[in-house]
Amino acid sequence: MPRNQNTAAQRARRAQTESGGKYTALLREAEAGGPPKTFPFRSLMAECATRPEIRVDWGYDPEFDWWPGPAMFDSVLLGGPVPCGTVLALAGALSSLELRGDLHVETYHRLESALVSCEGRRFQLILNQDLLYELCRTPGCSHRPVNDWAIPYCVDHLCERRPDELITMASEWGHAQYEEYNDSPGDAQAGKEGDLLVKAATGIGACTEVTAALLKGCFTDPQDIEDTYGVTEESIAIRHGLAYERLRLAGMADEERARIRLSVDASCTACSGPLSVRNPRSVPPQYCSTTCAPPPPEEAQHPNPWVTEPTF
Ligand SMILES: [Zn+2]
Ligand SMILES: [Zn+2]
């Protein structure tokens, strides 16, 4: 057996012992060079709990500017030093999002940051502080999402989502706002995150449905308000708050439609015909009619890096 293959096999066996991953997949990764790219999160947690704390040279002169830095351990799985607090922050994020799939390492930059993904959600691990950020779900994007939990895309990529996805995000974000304003439900607001959802929906002709989902989440279904709160001052305040927020969002959607129409020089993007301000809201503002508008974008297919083909 060639010497390097033996070394790869040894590395794969060692990674299997330490991470509990599949030997065949680990062997392939070991042969390709570098640490395994895919492993269960519990293996990283086990490393964090069992490997000794290491000291890292941060390049400071200890006499003048001594900074111990975060508690670190040397991770075989990620490929170098990692702060324990960052791994614990990842545990919290995966737990709150109920993600149970394996982790896939996209990048590792020693003492700077690493990118890992799990079930399509992507996280930036800060490697010189106990810190973690979720990133936009779009592969390769390095921007933060509009909201870590409910709106997992950045502002630019939010505009590329399908209507049904925007409706789901609007419901979840609206419900979060409902909880936020639990003490005074009539004061609930969609917030700047809700505004971004409505703007993204406006561009694809879905602002009516997305606004409805958002308002229902923020305030309660209008037909259930009296059943839930009785005929009280509170239910009147909720109806007032709902009507005001509906008006505000409709005005904002109209402004966004006007902005998009002007940005395409007031002619249909598809047929170059004139755009009418009287087009129904279900027609994306950059098109003259539903005939010209393209179908909504398809769901992006996230490659599943954990599916490994059996080699024998
Ligand atoms: Zn993005
Ligand atoms: Zn047209």
# chains A, B, ... in the order shown; residues from 1 in each chain; ligands from 1
$ residues_near_ligand --ligand "ligand 2" --cutoff "8 Å" --atoms "only C-alpha atoms and all ligand atoms" --output "number ranges by chain"
A: 267-275, 287-289, 291-293
$ residues_near_ligand --ligand "ligand 1" --cutoff "12 Å" --atoms "only C-alpha atoms and all ligand atoms" --output "list in words"
Arg121, Arg122, Glu134, Leu135, Cys136, Arg137, Thr138, Pro139, Gly140, Cys141, Ser142, His143, Arg144, Pro145, Val146, Asn147, Ile151, Pro152, Tyr153, Cys154, Val155, Asp156, His157, Leu158, Cys159, Glu160 and Arg161 of chain A
$ write_last_selection --atoms "C-alpha atoms" --output "tab-separated table (two decimals), in the first residue's frame"
chain	number	residue	atom	x	y	z
A	121	ARG	CA	-28.47	27.43	7.67
A	122	ARG	CA	-24.97	28.98	7.65
A	134	GLU	CA	-25.74	33.42	11.42
A	135	LEU	CA	-25.22	34.30	7.74
A	136	CYS	CA	-27.69	34.62	4.86
A	137	ARG	CA	-28.86	31.16	3.71
A	138	THR	CA	-27.79	31.80	0.12
A	139	PRO	CA	-24.65	29.72	-0.52
A	140	GLY	CA	-21.54	31.90	-0.82
A	141	CYS	CA	-23.20	35.03	0.65
A	142	SER	CA	-21.26	36.60	3.52
A	143	HIS	CA	-23.95	39.04	4.67
A	144	ARG	CA	-26.00	38.83	7.83
A	145	PRO	CA	-29.66	37.81	7.50
A	146	VAL	CA	-32.43	40.35	8.10
A	147	ASN	CA	-33.34	38.36	11.23
A	151	ILE	CA	-35.94	35.99	8.07
A	152	PRO	CA	-32.74	34.04	7.28
A	153	TYR	CA	-31.76	35.95	4.09
A	154	CYS	CA	-29.90	39.23	3.61
A	155	VAL	CA	-31.73	42.23	2.13
A	156	ASP	CA	-30.52	41.51	-1.42
A	157	HIS	CA	-31.32	37.81	-1.42
A	158	LEU	CA	-34.70	38.34	0.28
A	159	CYS	CA	-35.88	39.86	-3.02
A	160	GLU	CA	-35.13	36.54	-4.78
A	161	ARG	CA	-37.38	34.40	-2.59
$ closest_residue --among "A:His175, A:Arg51, A:Lys216, A:Arg257" --to "Ala200 (chain A)" --atoms "only C-alpha atoms"
A:Arg257
$ select_by_dssp --residues "region 106-275 of chain A" --states "alpha helix (DSSP H)" --output "ChimeraX atom specification"
/A:155-158,163-180,191-202,207-219,225-229,233-263
$ residues_around --residues "region 87-90 of chain A" --least-positions-apart "5" --cutoff "12 Å" --atoms "only C-alpha atoms" --output "JSON list (two decimals) with N, CA and C atoms, in the first residue's frame"
[["chain", "number", "residue", "atom", "x", "y", "z"],
["A", 41, "PHE", "N", -22.56, 17.48, 15.07],
["A", 41, "PHE", "CA", -22.18, 18.56, 15.99],
["A", 41, "PHE", "C", -21.69, 18.01, 17.32],
["A", 42, "ARG", "N", -22.28, 16.88, 17.74],
["A", 42, "ARG", "CA", -21.88, 16.34, 19.05],
["A", 42, "ARG", "C", -20.38, 16.00, 19.08],
["A", 43, "SER", "N", -19.79, 15.70, 17.92],
["A", 43, "SER", "CA", -18.36, 15.39, 17.89],
["A", 43, "SER", "C", -17.54, 16.65, 18.20],
["A", 44, "LEU", "N", -17.99, 17.79, 17.66],
["A", 44, "LEU", "CA", -17.31, 19.06, 17.96],
["A", 44, "LEU", "C", -17.48, 19.40, 19.44],
["A", 45, "MET", "N", -18.69, 19.13, 19.95],
["A", 45, "MET", "CA", -18.97, 19.38, 21.37],
["A", 45, "MET", "C", -18.09, 18.49, 22.25],
["A", 46, "ALA", "N", -17.90, 17.23, 21.82],
["A", 46, "ALA", "CA", -17.07, 16.30, 22.59],
["A", 46, "ALA", "C", -15.62, 16.79, 22.59],
["A", 47, "GLU", "N", -15.15, 17.27, 21.43],
["A", 47, "GLU", "CA", -13.79, 17.84, 21.37],
["A", 47, "GLU", "C", -13.65, 19.00, 22.35],
["A", 48, "CYS", "N", -14.65, 19.86, 22.32],
["A", 48, "CYS", "CA", -14.63, 21.07, 23.16],
["A", 48, "CYS", "C", -14.57, 20.68, 24.64],
["A", 49, "ALA", "N", -15.29, 19.61, 25.00],
["A", 49, "ALA", "CA", -15.37, 19.21, 26.41],
["A", 49, "ALA", "C", -14.15, 18.42, 26.86],
["A", 70, "PRO", "N", -9.92, 34.40, 24.59],
["A", 70, "PRO", "CA", -10.92, 33.44, 25.07],
["A", 70, "PRO", "C", -10.28, 32.07, 25.33],
["A", 71, "ALA", "N", -10.97, 31.25, 26.13],
["A", 71, "ALA", "CA", -10.51, 29.86, 26.35],
["A", 71, "ALA", "C", -10.63, 29.12, 25.02],
["A", 72, "MET", "N", -9.50, 28.51, 24.59],
["A", 72, "MET", "CA", -9.47, 27.86, 23.27],
["A", 72, "MET", "C", -9.09, 26.39, 23.40],
["A", 73, "PHE", "N", -9.50, 25.61, 22.39],
["A", 73, "PHE", "CA", -8.99, 24.25, 22.27],
["A", 73, "PHE", "C", -8.61, 24.02, 20.81],
["A", 75, "SER", "N", -9.06, 22.14, 17.63],
["A", 75, "SER", "CA", -10.07, 21.26, 17.04],
["A", 75, "SER", "C", -9.51, 20.53, 15.82],
["A", 78, "LEU", "N", -12.36, 21.06, 12.97],
["A", 78, "LEU", "CA", -12.42, 22.34, 12.25],
["A", 78, "LEU", "C", -11.07, 22.68, 11.62],
["A", 81, "PRO", "N", -7.27, 26.09, 16.21],
["A", 81, "PRO", "CA", -7.81, 26.61, 17.47],
["A", 81, "PRO", "C", -9.22, 27.20, 17.32],
["A", 82, "VAL", "N", -10.06, 26.93, 18.31],
["A", 82, "VAL", "CA", -11.45, 27.42, 18.32],
["A", 82, "VAL", "C", -11.80, 27.83, 19.75],
["A", 95, "SER", "N", -29.70, 24.53, 18.65],
["A", 95, "SER", "CA", -30.79, 24.07, 19.50],
["A", 95, "SER", "C", -32.04, 24.92, 19.28],
["A", 96, "SER", "N", -31.87, 26.26, 19.25],
["A", 96, "SER", "CA", -33.06, 27.12, 19.12],
["A", 96, "SER", "C", -33.69, 26.98, 17.74],
["A", 97, "LEU", "N", -32.88, 26.62, 16.73],
["A", 97, "LEU", "CA", -33.43, 26.44, 15.38],
["A", 97, "LEU", "C", -33.86, 24.99, 15.12],
["A", 98, "GLU", "N", -33.65, 24.14, 16.13],
["A", 98, "GLU", "CA", -33.99, 22.71, 16.04],
["A", 98, "GLU", "C", -33.31, 22.06, 14.85],
["A", 99, "LEU", "N", -32.02, 22.37, 14.66],
["A", 99, "LEU", "CA", -31.24, 21.76, 13.58],
["A", 99, "LEU", "C", -30.49, 20.56, 14.15],
["A", 103, "LEU", "N", -22.79, 18.93, 10.66],
["A", 103, "LEU", "CA", -22.16, 20.19, 10.29],
["A", 103, "LEU", "C", -21.29, 19.98, 9.06],
["A", 114, "ALA", "N", -14.49, 30.98, 10.85],
["A", 114, "ALA", "CA", -14.79, 29.76, 10.09],
["A", 114, "ALA", "C", -16.26, 29.81, 9.69],
["A", 115, "LEU", "N", -16.58, 29.17, 8.57],
["A", 115, "LEU", "CA", -17.97, 29.09, 8.13],
["A", 115, "LEU", "C", -18.42, 27.64, 8.18],
["A", 116, "VAL", "N", -19.53, 27.40, 8.87],
["A", 116, "VAL", "CA", -20.09, 26.05, 8.88],
["A", 116, "VAL", "C", -21.56, 26.15, 8.49],
["A", 117, "SER", "N", -22.10, 25.06, 7.93],
["A", 117, "SER", "CA", -23.52, 25.06, 7.60],
["A", 117, "SER", "C", -24.17, 23.82, 8.18],
["A", 118, "CYS", "N", -25.46, 23.92, 8.42],
["A", 118, "CYS", "CA", -26.23, 22.80, 8.97],
["A", 118, "CYS", "C", -27.65, 22.91, 8.43],
["A", 121, "ARG", "N", -28.73, 26.20, 6.93],
["A", 121, "ARG", "CA", -28.47, 27.43, 7.67],
["A", 121, "ARG", "C", -26.96, 27.56, 7.81],
["A", 122, "ARG", "N", -26.43, 28.78, 7.68],
["A", 122, "ARG", "CA", -24.97, 28.98, 7.65],
["A", 122, "ARG", "C", -24.54, 29.87, 8.81],
["A", 123, "PHE", "N", -23.42, 29.52, 9.44],
["A", 123, "PHE", "CA", -22.96, 30.24, 10.62],
["A", 123, "PHE", "C", -21.51, 30.64, 10.46],
["A", 124, "GLN", "N", -21.21, 31.88, 10.89],
["A", 124, "GLN", "CA", -19.83, 32.35, 10.92],
["A", 124, "GLN", "C", -19.34, 32.22, 12.36],
["A", 125, "LEU", "N", -18.33, 31.38, 12.57],
["A", 125, "LEU", "CA", -17.73, 31.22, 13.89],
["A", 125, "LEU", "C", -16.58, 32.21, 14.00],
["A", 126, "ILE", "N", -16.66, 33.11, 14.97],
["A", 126, "ILE", "CA", -15.56, 34.05, 15.19],
["A", 126, "ILE", "C", -14.52, 33.32, 16.05],
["A", 127, "LEU", "N", -13.27, 33.28, 15.57],
["A", 127, "LEU", "CA", -12.26, 32.42, 16.21],
["A", 127, "LEU", "C", -11.33, 33.18, 17.16],
["A", 129, "GLN", "N", -12.93, 35.48, 19.44],
["A", 129, "GLN", "CA", -13.85, 35.87, 20.51],
["A", 129, "GLN", "C", -14.88, 34.75, 20.65],
["A", 130, "ASP", "N", -15.59, 34.77, 21.81],
["A", 130, "ASP", "CA", -16.65, 33.77, 22.00],
["A", 130, "ASP", "C", -17.89, 34.25, 21.25],
["A", 131, "LEU", "N", -17.84, 34.20, 19.93],
["A", 131, "LEU", "CA", -18.91, 34.84, 19.15],
["A", 131, "LEU", "C", -19.32, 34.01, 17.94],
["A", 132, "LEU", "N", -20.58, 34.17, 17.57],
["A", 132, "LEU", "CA", -21.11, 33.43, 16.43],
["A", 132, "LEU", "C", -22.15, 34.31, 15.75],
["A", 133, "TYR", "N", -22.16, 34.30, 14.41],
["A", 133, "TYR", "CA", -23.21, 35.01, 13.68],
["A", 133, "TYR", "C", -23.84, 34.04, 12.70],
["A", 134, "GLU", "N", -25.15, 34.16, 12.52],
["A", 134, "GLU", "CA", -25.74, 33.42, 11.42],
["A", 134, "GLU", "C", -25.57, 34.26, 10.16]]
$ atom_distance --atom1 "CA of Glu245 (chain A)" --atom2 "CA of Pro296 (chain A)"
26.9 Å
$ closest_residue --among "A:Ala201, A:Cys218, A:Ala266, A:Ala188" --to "Ala237 (chain A)" --atoms "only C-alpha atoms"
A:Ala188
$ select_by_dssp --residues "region 86-117 of chain A" --states "strand (DSSP E)" --output "list in words"
Leu103, His104, Val105, Glu106, Thr107, Tyr108, His109, Ser113, Ala114, Leu115, Val116 and Ser117 of chain A
$ closest_residue --among "A:Leu247, A:Leu111, A:Ala190, A:Val264" --to "Val56 (chain A)" --atoms "only C-alpha atoms"
A:Leu111
$ closest_residue --among "A:Ala93, A:Lys192, A:Gly186, A:Tyr229" --to "Tyr244 (chain A)" --atoms "only C-alpha atoms"
A:Gly186
$ atom_distance --atom1 "CA of Gly205 (chain A)" --atom2 "CA of Val283 (chain A)"
4.9 Å
$ closest_atom_pairs --of "region 224-295 of chain A" --to "region 211-214 of chain A" --cutoff "10 Å" --atoms "only C-alpha atoms" --output "JSON lines"
{"residue": "A:Glu245", "atom": "CA", "partner": "A:Thr211", "partner_atom": "CA", "distance": 9.7}
{"residue": "A:Arg246", "atom": "CA", "partner": "A:Thr211", "partner_atom": "CA", "distance": 7.6}
{"residue": "A:Leu249", "atom": "CA", "partner": "A:Thr211", "partner_atom": "CA", "distance": 7.3}
{"residue": "A:Ala250", "atom": "CA", "partner": "A:Thr211", "partner_atom": "CA", "distance": 8.2}
{"residue": "A:Ala253", "atom": "CA", "partner": "A:Thr211", "partner_atom": "CA", "distance": 9.3}
$ atom_distance --atom1 "CA of Val277 (chain A)" --atom2 "CA of Ala258 (chain A)"
7.9 Å
$ residues_around --residues "Asp102 (chain A)" --least-positions-apart "3" --cutoff "8 Å" --atoms "only C-alpha atoms" --output "tab-separated table (two decimals) with N, CA and C atoms, in the first residue's frame"
chain	number	residue	atom	x	y	z
A	38	THR	N	-17.18	17.12	7.20
A	38	THR	CA	-18.54	16.84	7.63
A	38	THR	C	-18.54	15.95	8.86
A	39	PHE	N	-19.30	16.32	9.88
A	39	PHE	CA	-19.32	15.52	11.10
A	39	PHE	C	-20.54	15.95	11.92
A	40	PRO	N	-20.98	15.10	12.87
A	40	PRO	CA	-22.09	15.50	13.72
A	40	PRO	C	-21.64	16.59	14.70
A	41	PHE	N	-22.56	17.48	15.07
A	41	PHE	CA	-22.18	18.56	15.99
A	41	PHE	C	-21.69	18.01	17.32
A	118	CYS	N	-25.46	23.92	8.42
A	118	CYS	CA	-26.23	22.80	8.97
A	118	CYS	C	-27.65	22.91	8.43
A	119	GLU	N	-28.08	21.93	7.69
A	119	GLU	CA	-29.43	21.92	7.10
A	119	GLU	C	-29.74	23.22	6.37
A	306	TRP	N	-23.91	15.99	3.33
A	306	TRP	CA	-23.84	14.83	4.23
A	306	TRP	C	-24.24	13.54	3.55
$ closest_residue --among "A:Asp148, A:Pro52, A:Glu209, A:Leu215" --to "Gly174 (chain A)" --atoms "only C-alpha atoms"
A:Leu215
$ decode --residues "region 178-214 of chain A" --atoms "N, CA and C atoms" --output "CSV table (one decimal), in the first residue's frame"
chain,number,residue,atom,x,y,z
A,178,TYR,N,-45.9,40.0,17.7
A,178,TYR,CA,-47.0,39.8,18.6
A,178,TYR,C,-46.5,39.5,20.0
A,179,GLU,N,-45.5,38.6,20.1
A,179,GLU,CA,-45.0,38.3,21.4
A,179,GLU,C,-44.3,39.5,22.1
A,180,GLU,N,-43.6,40.2,21.2
A,180,GLU,CA,-42.8,41.4,21.7
A,180,GLU,C,-43.8,42.4,22.3
A,181,TYR,N,-45.0,42.6,21.7
A,181,TYR,CA,-45.9,43.6,22.2
A,181,TYR,C,-47.0,43.0,23.0
A,182,ASN,N,-46.7,41.9,23.7
A,182,ASN,CA,-47.7,41.2,24.5
A,182,ASN,C,-48.4,42.1,25.5
A,183,ASP,N,-47.7,43.0,26.1
A,183,ASP,CA,-48.3,43.8,27.1
A,183,ASP,C,-49.2,44.9,26.5
A,184,SER,N,-49.0,45.3,25.3
A,184,SER,CA,-49.9,46.3,24.7
A,184,SER,C,-50.1,46.0,23.2
A,185,PRO,N,-50.9,44.9,23.0
A,185,PRO,CA,-51.0,44.4,21.6
A,185,PRO,C,-51.5,45.4,20.5
A,186,GLY,N,-52.1,46.5,21.0
A,186,GLY,CA,-52.6,47.5,20.0
A,186,GLY,C,-51.4,48.3,19.4
A,187,ASP,N,-50.2,48.3,20.1
A,187,ASP,CA,-49.1,49.0,19.7
A,187,ASP,C,-48.1,48.2,18.8
A,188,ALA,N,-48.5,47.0,18.5
A,188,ALA,CA,-47.6,46.1,17.7
A,188,ALA,C,-47.3,46.8,16.3
A,189,GLN,N,-46.1,46.5,15.9
A,189,GLN,CA,-45.6,47.1,14.6
A,189,GLN,C,-44.8,46.0,13.8
A,190,ALA,N,-44.9,46.2,12.5
A,190,ALA,CA,-44.1,45.2,11.7
A,190,ALA,C,-42.6,45.5,11.7
A,191,GLY,N,-42.2,46.7,12.1
A,191,GLY,CA,-40.8,47.0,12.3
A,191,GLY,C,-40.1,47.1,10.9
A,192,LYS,N,-38.8,47.4,11.0
A,192,LYS,CA,-38.1,47.5,9.7
A,192,LYS,C,-37.9,46.2,9.0
A,193,GLU,N,-37.9,45.1,9.8
A,193,GLU,CA,-37.8,43.8,9.2
A,193,GLU,C,-39.1,43.5,8.4
A,194,GLY,N,-40.2,43.8,9.0
A,194,GLY,CA,-41.5,43.7,8.2
A,194,GLY,C,-41.6,44.5,7.0
A,195,ASP,N,-41.0,45.7,7.1
A,195,ASP,CA,-41.0,46.6,5.9
A,195,ASP,C,-40.2,46.0,4.8
A,196,LEU,N,-39.1,45.4,5.1
A,196,LEU,CA,-38.2,44.7,4.1
A,196,LEU,C,-38.9,43.6,3.4
A,197,LEU,N,-39.7,42.8,4.3
A,197,LEU,CA,-40.5,41.7,3.7
A,197,LEU,C,-41.5,42.2,2.7
A,198,VAL,N,-42.2,43.3,3.1
A,198,VAL,CA,-43.2,43.9,2.2
A,198,VAL,C,-42.6,44.4,0.9
A,199,LYS,N,-41.4,45.1,1.0
A,199,LYS,CA,-40.8,45.6,-0.2
A,199,LYS,C,-40.3,44.5,-1.1
A,200,ALA,N,-39.8,43.4,-0.5
A,200,ALA,CA,-39.4,42.3,-1.3
A,200,ALA,C,-40.6,41.7,-2.0
A,201,ALA,N,-41.7,41.6,-1.3
A,201,ALA,CA,-42.9,41.0,-1.9
A,201,ALA,C,-43.5,41.9,-3.0
A,202,THR,N,-43.3,43.2,-2.8
A,202,THR,CA,-43.9,44.2,-3.8
A,202,THR,C,-43.2,43.9,-5.2
A,203,GLY,N,-41.9,43.6,-5.2
A,203,GLY,CA,-41.2,43.4,-6.4
A,203,GLY,C,-41.6,42.2,-7.2
A,204,ILE,N,-42.3,41.2,-6.5
A,204,ILE,CA,-42.8,40.0,-7.2
A,204,ILE,C,-44.3,39.9,-7.2
A,205,GLY,N,-45.0,41.0,-6.9
A,205,GLY,CA,-46.4,41.1,-7.0
A,205,GLY,C,-47.1,40.3,-5.9
A,206,ALA,N,-46.5,40.2,-4.7
A,206,ALA,CA,-47.1,39.4,-3.6
A,206,ALA,C,-47.3,40.2,-2.4
A,207,CYS,N,-47.3,41.6,-2.5
A,207,CYS,CA,-47.4,42.4,-1.3
A,207,CYS,C,-48.7,42.2,-0.6
A,208,THR,N,-49.8,42.0,-1.3
A,208,THR,CA,-51.1,41.8,-0.6
A,208,THR,C,-51.1,40.6,0.4
A,209,GLU,N,-50.6,39.5,-0.1
A,209,GLU,CA,-50.6,38.3,0.7
A,209,GLU,C,-49.6,38.4,1.8
A,210,VAL,N,-48.4,38.9,1.5
A,210,VAL,CA,-47.4,39.0,2.6
A,210,VAL,C,-47.8,40.0,3.6
A,211,THR,N,-48.4,41.2,3.2
A,211,THR,CA,-48.9,42.1,4.2
A,211,THR,C,-50.0,41.5,5.1
A,212,ALA,N,-50.9,40.7,4.5
A,212,ALA,CA,-51.9,40.1,5.3
A,212,ALA,C,-51.3,39.1,6.3
A,213,ALA,N,-50.3,38.3,5.9
A,213,ALA,CA,-49.7,37.4,6.8
A,213,ALA,C,-49.0,38.1,7.9
A,214,LEU,N,-48.3,39.2,7.6
A,214,LEU,CA,-47.6,40.0,8.6
A,214,LEU,C,-48.6,40.6,9.6
